[in-house]
file run.txt (compact mmCIF, C-alpha atoms and all ligand atoms)
# COMPACT_ATOMS: atom_id res chain seq x y z
CA MET D 1 23.48 47.24 -11.74
CA SER D 2 21.22 48.35 -8.91
CA PRO D 3 22.85 49.52 -5.67
CA VAL D 4 21.72 46.46 -3.72
CA GLN D 5 23.55 44.10 -6.01
CA GLY D 6 27.27 43.48 -6.38
CA ARG D 7 30.14 45.26 -4.67
CA GLU D 8 28.24 48.31 -3.57
CA CYS D 9 27.03 46.29 -0.63
CA GLY D 10 30.52 45.41 0.61
CA GLY D 11 30.53 48.02 3.39
CA LEU D 12 27.17 46.91 4.58
CA VAL D 13 28.16 43.27 4.76
CA SER D 14 30.99 43.94 7.19
CA SER D 15 28.52 45.56 9.59
CA LEU D 16 26.25 42.50 9.67
CA PRO D 17 26.27 39.72 12.26
CA THR D 18 29.11 37.27 11.70
CA ILE D 19 26.87 34.40 10.60
CA TYR D 20 26.27 36.17 7.31
CA LYS D 21 29.96 36.44 6.60
CA ARG D 22 30.79 32.80 7.07
CA PRO D 23 32.96 31.77 4.10
CA PHE D 24 31.10 28.82 2.66
CA PRO D 25 31.71 28.19 -1.03
CA LEU D 26 28.24 26.81 -1.86
CA VAL D 27 26.56 29.77 -0.26
CA PRO D 28 25.73 32.93 -2.18
CA ARG D 29 27.48 36.11 -1.13
CA MET D 30 25.73 38.23 1.48
CA SER D 31 25.08 40.88 -1.11
CA ASP D 32 23.27 38.32 -3.28
CA ILE D 33 21.18 37.18 -0.33
CA VAL D 34 20.16 40.71 0.49
CA ALA D 35 19.41 41.43 -3.15
CA ARG D 36 17.21 38.33 -3.43
CA ALA D 37 15.54 39.11 -0.13
CA ASP D 38 14.86 42.63 -1.30
CA ARG D 39 13.10 41.27 -4.38
CA ALA D 40 11.22 38.68 -2.28
CA LEU D 41 10.01 41.49 -0.03
CA SER D 42 8.27 43.21 -2.91
CA ARG D 43 5.56 40.94 -1.51
CA ASP D 44 4.47 40.83 2.12
CA LEU D 45 6.33 37.84 3.63
CA CYS D 46 6.52 36.81 7.27
CA ASP D 47 9.92 36.16 8.86
CA HIS D 48 9.35 32.40 8.60
CA CYS D 49 8.73 32.49 4.85
CA LEU D 50 11.56 34.97 4.28
CA GLY D 51 14.04 33.00 6.37
CA ARG D 52 12.98 29.71 4.78
CA LEU D 53 14.14 30.97 1.38
CA PHE D 54 17.68 30.89 2.81
CA ALA D 55 17.29 27.89 5.13
CA LEU D 56 20.28 26.03 3.69
CA VAL D 57 22.61 29.03 3.98
CA ASP D 58 22.95 28.57 7.71
CA THR D 59 21.52 25.88 9.92
CA GLY D 60 22.25 27.44 13.29
CA LEU D 61 19.12 29.61 13.33
CA THR D 62 15.41 29.07 13.05
CA ASN D 63 13.86 30.35 9.84
CA ARG D 64 12.10 33.05 11.82
CA GLU D 65 15.35 34.32 13.35
CA ARG D 66 17.09 34.22 10.00
CA GLY D 67 14.17 35.99 8.35
CA GLU D 68 14.23 38.68 11.02
CA SER D 69 17.94 39.41 10.45
CA ILE D 70 17.62 39.42 6.67
CA ARG D 71 14.64 41.76 6.92
CA MET D 72 16.79 44.14 8.98
CA ALA D 73 19.52 44.00 6.35
CA VAL D 74 17.02 44.76 3.60
CA GLY D 75 15.66 47.62 5.71
CA LEU D 76 19.18 49.08 6.03
CA VAL D 77 19.84 48.85 2.32
CA ARG D 78 16.52 50.46 1.54
CA SER D 79 17.07 53.27 4.05
CA LEU D 80 20.46 54.01 2.44
CA LYS D 81 18.59 54.53 -0.79
CA GLY D 82 15.97 56.63 0.96
CA ASP D 83 13.32 53.93 0.52
CA ALA D 84 10.83 52.79 3.14
CA PRO D 85 11.66 49.56 5.02
CA PRO D 86 9.63 46.40 4.27
CA THR D 87 6.37 46.11 6.22
CA HIS D 88 4.49 42.99 7.22
CA ASN D 89 0.82 42.37 7.97
CA THR D 90 -0.48 39.22 6.32
CA CYS D 91 2.06 36.94 4.69
CA TRP D 92 1.33 36.62 0.96
CA LEU D 93 2.74 33.06 0.97
CA CYS D 94 1.48 31.35 4.14
CA VAL D 95 -1.32 33.71 5.29
CA ASN D 96 0.41 33.77 8.71
CA ILE D 97 0.00 30.03 9.15
CA PHE D 98 2.82 29.97 11.68
CA ASP D 99 0.66 31.91 14.16
CA SER D 100 -1.42 28.74 14.34
CA VAL D 101 1.49 26.41 15.18
CA PRO D 102 0.59 26.32 18.92
CA ARG D 103 -2.99 25.42 17.95
CA PHE D 104 -1.75 22.63 15.68
CA ALA D 105 0.45 21.34 18.49
CA GLU D 106 -2.54 21.35 20.85
CA ALA D 107 -4.59 19.33 18.36
CA VAL D 108 -1.72 16.85 17.98
CA MET D 109 -1.36 16.40 21.72
CA LYS D 110 -5.08 15.86 22.11
CA GLU D 111 -4.95 12.97 19.62
CA LEU D 112 -1.68 11.61 20.99
CA SER D 113 -3.21 11.42 24.46
CA LYS D 114 -5.36 8.54 23.16
CA VAL D 115 -2.41 6.23 22.49
CA GLU D 116 0.69 5.07 24.29
CA PHE D 117 3.94 5.93 22.50
CA GLY D 118 7.62 6.35 23.19
CA THR D 119 8.54 8.33 20.08
CA PHE D 120 6.59 10.27 17.50
CA LEU D 121 6.86 12.17 14.24
CA ILE D 122 4.83 15.04 12.79
CA GLY D 123 3.63 15.17 9.19
CA SER D 124 1.50 17.90 7.66
CA ARG D 125 -0.79 18.74 4.80
CA VAL D 126 -1.01 22.36 3.68
CA ASP D 127 -3.38 24.16 1.37
CA PRO D 128 -2.25 23.43 -2.22
CA GLU D 129 -2.47 27.17 -2.95
CA ILE D 130 0.20 27.83 -0.34
CA GLN D 131 2.47 25.27 -1.96
CA GLU D 132 1.82 26.81 -5.38
CA ARG D 133 2.77 30.26 -4.12
CA GLU D 134 5.91 28.85 -2.53
CA GLU D 135 6.93 27.22 -5.81
CA ARG D 136 6.20 30.44 -7.68
CA LEU D 137 8.51 32.31 -5.34
CA TRP D 138 11.25 29.72 -5.86
CA SER D 139 10.95 29.89 -9.63
CA GLU D 140 11.18 33.69 -9.50
CA LEU D 141 14.03 34.00 -7.01
CA GLY D 142 15.72 30.61 -7.08
CA GLY D 143 14.89 27.88 -4.60
CA GLU D 144 18.29 26.25 -4.21
CA THR D 145 18.77 27.44 -0.62
CA ALA D 146 15.09 27.11 0.35
CA GLU D 147 13.27 24.67 2.59
CA PRO D 148 9.67 23.57 1.83
CA ILE D 149 7.03 24.97 4.17
CA LYS D 150 6.00 21.49 5.38
CA GLY D 151 9.49 20.88 6.73
CA GLU D 152 9.32 23.98 8.91
CA LEU D 153 5.75 23.33 10.05
CA ASN D 154 6.57 19.74 11.04
CA ARG D 155 9.63 20.84 12.94
CA GLU D 156 7.98 23.75 14.77
CA ILE D 157 4.94 21.68 15.76
CA GLY D 158 7.27 18.84 16.77
CA LYS D 159 9.32 21.11 19.05
CA ILE D 160 6.26 22.18 21.04
CA VAL D 161 4.90 18.64 21.32
CA GLU D 162 8.31 17.25 22.22
CA SER D 163 8.75 19.63 25.15
CA SER D 164 5.15 19.20 26.32
CA VAL D 165 4.95 15.42 26.27
CA GLY D 166 8.59 14.82 27.14
CA ARG D 167 9.10 12.25 24.44
CA PRO D 168 11.34 12.68 21.40
CA VAL D 169 10.69 13.09 17.70
CA GLU D 170 12.03 10.03 15.88
CA PHE D 171 12.55 10.01 12.11
CA GLY D 172 13.51 6.37 11.57
CA ALA D 173 10.84 4.25 13.22
CA PRO D 174 8.49 6.36 15.36
CA ASP D 175 5.74 4.65 17.38
CA VAL D 176 3.21 7.07 15.93
CA VAL D 177 3.01 9.65 13.14
CA ALA D 178 0.62 12.56 13.73
CA LEU D 179 -0.55 13.97 10.43
CA VAL D 180 -1.83 17.54 10.76
CA ASP D 181 -4.17 18.91 8.13
CA THR D 182 -3.41 22.61 8.57
CA ARG D 183 -6.54 23.70 6.70
CA PHE D 184 -8.79 22.36 9.44
CA ALA D 185 -6.31 21.92 12.29
CA SER D 186 -7.39 18.27 12.29
CA VAL D 187 -5.05 15.43 13.17
CA GLU D 188 -4.91 11.83 12.02
CA LEU D 189 -2.70 9.31 13.78
CA ASP D 190 -0.79 6.60 12.01
CA VAL D 191 0.09 4.23 14.85
CA THR D 192 2.93 1.82 14.17
CA PRO D 193 1.85 -1.79 14.74
CA LEU D 194 2.99 -3.62 17.83
CA PHE D 195 5.05 -6.71 17.03
CA VAL D 196 5.27 -9.64 19.44
CA TYR D 197 7.65 -12.56 18.92
CA GLY D 198 7.20 -16.04 20.32
CA ARG D 199 7.25 -19.75 19.45
CA TYR D 200 4.16 -21.88 19.34
CA ARG D 201 3.41 -25.54 19.73
CA LYS D 202 0.23 -27.06 18.38
CA PHE D 203 -1.02 -30.32 19.89
CA VAL D 204 -4.07 -30.94 17.73
CA ARG D 205 -4.66 -31.93 14.10
CA ASP D 206 -7.69 -29.82 13.31
CA ILE D 207 -6.75 -26.17 13.44
CA PRO D 208 -4.83 -24.11 10.89
CA GLN D 209 -2.01 -21.72 11.66
CA THR D 210 -3.86 -18.64 10.46
CA ARG D 211 -7.44 -17.44 10.38
CA TRP D 212 -9.07 -19.06 7.38
CA PRO D 213 -12.07 -17.26 5.86
CA CYS D 214 -15.00 -19.41 4.64
CA ARG D 215 -14.61 -20.27 0.95
CA MET D 216 -18.31 -19.89 0.26
CA CYS D 217 -18.97 -16.46 1.76
CA ARG D 218 -15.39 -15.18 2.01
CA GLY D 219 -15.85 -14.25 5.64
CA LYS D 220 -19.27 -12.61 5.52
CA GLY D 221 -21.01 -15.58 7.22
CA CYS D 222 -23.23 -18.19 5.60
CA LYS D 223 -24.97 -21.50 6.32
CA ARG D 224 -21.93 -23.54 5.39
CA CYS D 225 -19.75 -21.84 8.01
CA HIS D 226 -22.58 -21.56 10.57
CA PHE D 227 -22.32 -17.79 10.13
CA THR D 228 -18.82 -17.67 11.59
CA GLY D 229 -17.27 -16.57 8.30
CA LYS D 230 -14.52 -19.12 8.94
CA MET D 231 -13.55 -22.55 7.63
CA TYR D 232 -12.26 -23.58 11.05
CA GLU D 233 -13.58 -22.63 14.43
CA THR D 234 -10.22 -21.22 15.50
CA SER D 235 -6.54 -21.04 14.56
CA VAL D 236 -3.15 -20.57 16.17
CA GLN D 237 -3.38 -16.94 15.06
CA GLU D 238 -6.62 -16.36 16.95
CA ILE D 239 -5.61 -18.29 20.06
CA VAL D 240 -2.42 -16.24 20.30
CA GLY D 241 -3.45 -12.97 18.66
CA ASP D 242 -6.81 -12.30 20.32
CA PRO D 243 -5.51 -12.03 23.92
CA ILE D 244 -2.55 -9.87 22.82
CA MET D 245 -4.86 -7.62 20.84
CA ARG D 246 -7.26 -7.23 23.76
CA GLU D 247 -4.39 -6.11 26.02
CA ALA D 248 -2.93 -3.74 23.41
CA GLY D 249 -6.31 -2.33 22.43
CA GLY D 250 -5.60 -2.90 18.74
CA SER D 251 -7.95 -3.12 15.77
CA ASP D 252 -6.76 -6.30 14.06
CA HIS D 253 -3.92 -8.82 14.06
CA PHE D 254 -1.71 -10.52 11.51
CA PHE D 255 0.34 -13.66 11.96
CA HIS D 256 3.82 -14.09 10.49
CA GLY D 257 5.04 -17.65 11.00
CA MET D 258 8.42 -19.09 10.07
CA GLY D 259 6.74 -21.33 7.53
CA ARG D 260 3.65 -23.35 8.41
CA GLU D 261 2.66 -26.94 9.00
CA ASP D 262 -0.35 -28.65 7.46
CA ILE D 263 -3.57 -28.36 9.44
CA ASP D 264 -3.40 -32.07 10.31
CA ALA D 265 0.24 -31.91 11.45
CA ARG D 266 1.10 -31.19 15.06
CA MET D 267 3.85 -28.70 15.87
CA LEU D 268 5.92 -30.04 18.75
CA GLY D 269 9.49 -29.80 20.04
CA ASN D 270 10.78 -26.31 20.58
CA GLY D 271 7.88 -24.76 18.73
CA ARG D 272 7.69 -22.63 15.61
CA PRO D 273 8.89 -18.99 15.67
CA PHE D 274 6.31 -16.36 14.78
CA VAL D 275 5.59 -12.67 15.09
CA VAL D 276 2.07 -11.41 15.77
CA GLU D 277 1.43 -7.95 14.41
CA ILE D 278 -1.19 -5.87 16.24
CA ARG D 279 -2.62 -3.03 14.17
CA GLU D 280 -3.31 0.37 15.73
CA PRO D 281 -2.39 -0.52 19.31
CA ARG D 282 -3.47 2.01 21.93
CA ARG D 283 -1.10 0.42 24.46
CA ARG D 284 2.45 -0.75 23.80
CA SER D 285 3.81 -1.66 27.23
CA ILE D 286 1.78 -4.76 27.89
CA ASP D 287 2.50 -7.53 30.38
CA LEU D 288 3.69 -10.25 28.01
CA PRO D 289 4.45 -12.91 30.66
CA LEU D 290 0.87 -12.48 31.91
CA ILE D 291 -0.53 -12.71 28.38
CA GLU D 292 1.57 -15.81 27.79
CA ARG D 293 -0.04 -17.50 30.78
CA ARG D 294 -3.46 -16.39 29.60
CA VAL D 295 -2.89 -17.74 26.07
CA ASN D 296 -1.70 -21.02 27.50
CA ASP D 297 -4.73 -21.29 29.79
CA GLU D 298 -7.16 -20.56 26.99
CA GLY D 299 -5.29 -22.75 24.53
CA LYS D 300 -4.75 -25.64 26.94
CA GLY D 301 -4.33 -28.95 25.11
CA ARG D 302 -4.41 -27.23 21.73
CA VAL D 303 -1.86 -24.42 21.46
CA GLU D 304 0.93 -23.23 23.72
CA VAL D 305 3.29 -20.28 23.32
CA ILE D 306 6.72 -19.70 24.78
CA GLY D 307 9.02 -16.70 25.09
CA LEU D 308 6.69 -13.85 24.14
CA ARG D 309 8.61 -10.60 23.79
CA VAL D 310 8.43 -7.33 21.87
CA SER D 311 9.62 -7.63 18.29
CA SER D 312 9.92 -5.44 15.19
CA ARG D 313 9.04 -5.22 11.53
CA GLU D 314 12.66 -6.08 10.80
CA GLU D 315 12.28 -9.38 12.65
CA VAL D 316 9.16 -10.15 10.59
CA ARG D 317 11.36 -9.86 7.51
CA GLN D 318 13.94 -12.22 9.03
CA ILE D 319 11.27 -14.75 9.98
CA LYS D 320 9.65 -14.66 6.56
CA SER D 321 12.97 -15.11 4.78
CA ALA D 322 14.41 -17.81 7.08
CA SER D 323 14.72 -21.29 5.62
CA PRO D 324 15.47 -23.60 8.53
CA SER D 325 15.75 -27.34 8.13
CA LYS D 326 12.99 -29.31 9.87
CA VAL D 327 12.70 -32.58 11.69
CA TYR D 328 9.49 -34.60 11.36
CA ARG D 329 8.05 -37.61 13.02
CA VAL D 330 5.88 -39.49 10.57
CA GLU D 331 3.70 -42.56 11.01
CA ILE D 332 3.34 -44.58 7.85
CA ALA D 333 1.09 -47.48 6.91
CA ILE D 334 2.95 -49.79 4.55
CA ASN D 335 0.60 -51.53 2.14
CA GLY D 336 2.66 -54.52 1.15
CA LYS D 337 5.43 -56.92 2.17
CA VAL D 338 8.71 -55.41 3.34
CA ASN D 339 11.03 -56.44 6.12
CA LYS D 340 13.01 -54.37 8.56
CA GLU D 341 16.32 -54.96 6.75
CA LYS D 342 14.94 -53.67 3.47
CA ILE D 343 13.55 -50.59 5.22
CA ASN D 344 16.89 -49.83 6.87
CA GLU D 345 18.71 -50.31 3.61
CA VAL D 346 16.35 -47.84 1.87
CA LEU D 347 16.63 -45.32 4.72
CA GLN D 348 20.44 -45.50 4.46
CA SER D 349 20.19 -44.70 0.77
CA PHE D 350 18.31 -41.45 1.52
CA LYS D 351 20.98 -39.87 3.74
CA ARG D 352 21.89 -36.48 2.23
CA THR D 353 20.04 -37.28 -0.96
CA ARG D 354 18.52 -34.80 -3.37
CA ILE D 355 14.97 -35.42 -4.46
CA THR D 356 12.90 -33.65 -7.10
CA GLN D 357 9.40 -32.58 -6.22
CA GLN D 358 6.83 -31.42 -8.72
CA THR D 359 4.31 -29.13 -6.94
CA PRO D 360 2.01 -31.55 -5.08
CA VAL D 361 -1.47 -32.10 -6.46
CA ARG D 362 -3.01 -31.02 -3.12
CA VAL D 363 -1.52 -27.51 -3.29
CA SER D 364 -1.47 -27.04 -7.06
CA HIS D 365 -4.58 -24.84 -6.94
CA ARG D 366 -2.63 -22.12 -5.13
CA ARG D 367 0.99 -22.71 -6.13
CA ALA D 368 2.69 -22.58 -9.51
CA ASP D 369 3.38 -26.03 -10.96
CA LEU D 370 7.13 -26.40 -10.96
CA ALA D 371 9.81 -28.89 -10.09
CA ARG D 372 12.11 -28.13 -7.18
CA GLU D 373 15.05 -29.97 -5.69
CA ARG D 374 15.23 -30.56 -1.96
CA MET D 375 17.53 -32.53 0.27
CA ILE D 376 16.58 -35.35 2.59
CA ILE D 377 19.22 -34.77 5.24
CA ASP D 378 18.65 -37.80 7.44
CA THR D 379 16.12 -40.54 8.12
CA GLU D 380 15.80 -42.91 11.03
CA MET D 381 13.42 -45.70 11.96
CA VAL D 382 12.05 -45.23 15.48
CA GLY D 383 9.42 -47.96 15.38
CA PHE D 384 8.14 -50.76 13.15
CA ASP D 385 4.99 -52.63 14.04
CA ASP D 386 4.04 -54.11 10.68
CA PRO D 387 2.33 -52.48 8.84
CA LEU D 388 2.97 -49.31 10.91
CA LEU D 389 6.35 -47.70 10.41
CA THR D 390 7.46 -44.65 12.40
CA LEU D 391 10.28 -42.51 11.05
CA VAL D 392 12.12 -39.37 12.05
CA ILE D 393 13.05 -37.44 8.91
CA LYS D 394 15.22 -34.34 8.72
CA THR D 395 14.77 -32.28 5.58
CA GLU D 396 15.84 -29.08 3.97
CA ALA D 397 13.36 -26.17 4.21
CA GLY D 398 10.51 -26.41 1.74
CA THR D 399 10.44 -30.20 1.40
CA TYR D 400 6.98 -31.76 1.02
CA VAL D 401 7.39 -34.62 3.48
CA LYS D 402 4.08 -36.39 2.81
CA GLU D 403 4.92 -36.49 -0.89
CA PHE D 404 8.41 -37.76 -0.14
CA VAL D 405 6.75 -40.66 1.69
CA HIS D 406 3.99 -41.63 -0.76
CA GLY D 407 5.58 -40.35 -3.98
CA ASP D 408 2.58 -38.29 -5.18
CA ASN D 409 2.03 -40.58 -8.20
CA GLY D 410 5.61 -40.19 -9.30
CA ARG D 411 5.64 -36.41 -8.97
CA THR D 412 8.23 -36.72 -6.18
CA ASN D 413 11.25 -38.74 -7.20
CA PRO D 414 12.90 -40.62 -5.64
CA SER D 415 10.43 -41.31 -2.85
CA LEU D 416 10.20 -43.71 0.07
CA SER D 417 7.32 -45.60 -1.52
CA GLY D 418 9.18 -45.88 -4.81
CA ALA D 419 12.36 -47.13 -3.16
CA LEU D 420 10.48 -49.68 -1.03
CA GLY D 421 8.44 -50.77 -4.02
CA VAL D 422 5.14 -50.69 -2.07
CA PRO D 423 2.45 -48.05 -1.50
CA CYS D 424 3.05 -45.97 1.65
CA GLU D 425 0.32 -43.99 3.34
CA VAL D 426 1.00 -41.14 5.81
CA LYS D 427 -1.10 -41.77 8.92
CA SER D 428 0.17 -38.82 10.97
CA LEU D 429 2.79 -36.13 10.79
CA ASP D 430 4.40 -34.02 13.50
CA VAL D 431 7.03 -31.32 13.21
CA ILE D 432 9.38 -32.03 16.10
CA ASP D 433 12.13 -29.49 15.47
CA ILE D 434 12.74 -26.33 13.51
CA ALA D 435 16.44 -25.61 13.30
CA ASP D 436 16.25 -21.84 13.12
CA ASP D 437 19.02 -19.60 14.31
CA THR D 438 17.05 -16.38 14.64
CA GLY D 439 14.87 -14.92 17.32
CA ASP D 440 16.26 -16.21 20.55
CA GLU D 441 18.97 -14.04 21.98
ZN ZN D 501 4.64 33.30 5.77
ZN ZN D 502 -19.45 -18.93 5.07

call {"tool": "encode", "arguments": {"input": "run.txt", "output": "C-alpha cells"}}
result
Amino acid sequence: MSPVQGRECGGLVSSLPTIYKRPFPLVPRMSDIVARADRALSRDLCDHCLGRLFALVDTGLTNRERGESIRMAVGLVRSLKGDAPPTHNTCWLCVNIFDSVPRFAEAVMKELSKVEFGTFLIGSRVDPEIQEREERLWSELGGETAEPIKGELNREIGKIVESSVGRPVEFGAPDVVALVDTRFASVELDVTPLFVYGRYRKFVRDIPQTRWPCRMCRGKGCKRCHFTGKMYETSVQEIVGDPIMREAGGSDHFFHGMGREDIDARMLGNGRPFVVEIREPRRRSIDLPLIERRVNDEGKGRVEVIGLRVSSREEVRQIKSASPSKVYRVEIAINGKVNKEKINEVLQSFKRTRITQQTPVRVSHRRADLARERMIIDTEMVGFDDPLLTLVIKTEAGTYVKEFVHGDNGRTNPSLSGALGVPCEVKSLDVIDIADDTGDE
C-alpha cells in the first residue's frame, strides 16, 4: 500500500478544512479522494477539471475552489514524501477552456441582446476530444463523483450572464436557450415560441380556419392558385396570426384551435378557443388589447377575436385534447311532405340518443374509415317555413352534424332524414356555442 492510500493519511485528514471531513456515507474517505487526486494529477489538470472529478462529494463549493483545496492536499502529501508538488500550465483535459468563459458569456449576451426574454438557459457543445479525454479519466479513476464538463461550463457562463443581464437562469421553461459552441465561441439561440390565447368568431362561409396550401403546387405558387400558393385567399389563422406575428417580430405562426368548423360553417356565439403560436419571437411583451383591435379592424365582417392573452404550450395541449359539446344552428331544405307535428315527434325521439357514424364520404380521403358512436344531446325547432326547417342541435364533441341531418346514404344511423322518411339537405350551418370549460379564468 502506498503512503497516500489508507490509514497513513489519517493525521493529514484532521488538518484539512472541515468540509473534507463531513461524515457522508456515500462519499469516499478523504484519504481515498487525495489518493485519486494524486493519480489524476499525474497529468496536468486545471482546478476546474480536478474539482469536477469530486463534484458530487460536496456541493457547497465551485469546482475550481474544490480543485484548489484538493491540489493543496495532494501537494502536502507529496511534500511529506519528499516529492515535488503538482504543477499546472495547460490542462490536459480542457486545454484551459475555462479561461474563455468570460468570452463565451460575452458572445451569449451579444446574441441575447437581439431578443426580448424574461428567463434563459445556457447549453454548450464542446470539442469531442475533450469529452473523450474526460471519459478516459473517469474510466481510469472512477467517475461516480464526477460532473460532466458541459454542466460546469453551462453553469459558469450562466452565472456571468445572469448577473450582467439581471434575469434568471430557468431550467423548466426558459424563454430562450443560448447554445454555445465552445470551439468557435459562436452562439445559437433557441427562442421559445410565444403563445397567445383567444376566441374567434367567423361570420363568413368562405374561409378556412387554417392556412391551406394549394393542392396543385403545394404552396410554391401556380396558375391554379394565382401564384398565391393557397387554396383560399385568407384564413382565420392569417387574419389573427399575421398581426400578432408582426408585433412579436416572429418568423412563422401556427394555429391550434379547439376543433374546427367546416369552411362553409360560420362560428358564432361565444367564439371558438384557440392558441396562436409565434415562432422565434424577438418581442414577448406585446400590446395584446391593441392587437385585438387591429385584428378586428382588419377582419371586420369576416373574423373577430376576443380575450387575447398570453398562453403556454401546456394550454395548447389542453385545447387540443378538449372535447366540448357543441350547439349548432342548421337550416335544412326538406324535399318531401312532412308536417310540423311529425317533425316535433322525430326531434323528441332524438333527445339524448346515440347515433352511429361511419366516416363521412367527404372526409374519407384524409380520415380512417371507421364507425363511431356519438350522442345527439338535444334538438329544437326554431323555425319552419315549408320546405325550410331551422333547428338548434346540441351534440357531443366529434359529431358530424351535416351527416346526422342528411344521413350520408345510410352511413349515419339513425339520422334526421331517415327518421322523417324524406331527403333532407343542409342549406347552412353555424356553430353557435362551444361548451368548453378551459381557457377563461
Ligand atoms: Zn481543465
Ligand atoms: Zn398553386

call {"tool": "residues_around", "arguments": {"input": "run.txt", "residues": "Phe274 (chain D)", "least_positions_apart": "3", "cutoff": "6 Å", "atoms": "all atoms listed in the file", "output": "ChimeraX atom specification"}}
result
/D:197-199,256-258

call {"tool": "residues_near_ligand", "arguments": {"input": "run.txt", "ligand": "ligand ZN 502 (chain D)", "cutoff": "6 Å", "atoms": "all atoms listed in the file", "output": "list in words"}}
result
Cys214, Met216, Cys217, Gly219, Gly221, Cys222, Arg224, Cys225, Phe227 and Gly229 of chain D

call {"tool": "residues_around", "arguments": {"input": "run.txt", "residues": "region 339-352 of chain D", "least_positions_apart": "4", "cutoff": "8 Å", "atoms": "all atoms listed in the file", "output": "list in words"}}
result
Met375, Ile376, Ile377, Asp378, Thr379, Glu380, Met381, Phe384, Leu416, Ala419 and Leu420 of chain D

call {"tool": "residues_near_ligand", "arguments": {"input": "run.txt", "ligand": "ligand ZN 501 (chain D)", "cutoff": "8 Å", "atoms": "all atoms listed in the file", "output": "CSV table (one decimal) with C-alpha atoms, keeping the file's coordinate frame"}}
result
chain,number,residue,atom,x,y,z
D,45,LEU,CA,6.3,37.8,3.6
D,46,CYS,CA,6.5,36.8,7.3
D,47,ASP,CA,9.9,36.2,8.9
D,48,HIS,CA,9.4,32.4,8.6
D,49,CYS,CA,8.7,32.5,4.8
D,50,LEU,CA,11.6,35.0,4.3
D,90,THR,CA,-0.5,39.2,6.3
D,91,CYS,CA,2.1,36.9,4.7
D,92,TRP,CA,1.3,36.6,1.0
D,93,LEU,CA,2.7,33.1,1.0
D,94,CYS,CA,1.5,31.4,4.1
D,95,VAL,CA,-1.3,33.7,5.3
D,96,ASN,CA,0.4,33.8,8.7
D,97,ILE,CA,0.0,30.0,9.2
D,98,PHE,CA,2.8,30.0,11.7

call {"tool": "axis_aligned_box", "arguments": {"input": "run.txt", "around": "region 84-93 of chain D", "padding_each_side": "6 Å", "output": "JSON"}}
result
{"center_x": 5.6, "center_y": 42.9, "center_z": 4.5, "size_x": 24.1, "size_y": 31.7, "size_z": 19.0}

call {"tool": "closest_residue", "arguments": {"input": "run.txt", "among": "D:Arg284, D:Arg39, D:Arg78, D:Arg125", "to": "Glu188 (chain D)", "atoms": "only C-alpha atoms"}}
result
D:Arg125
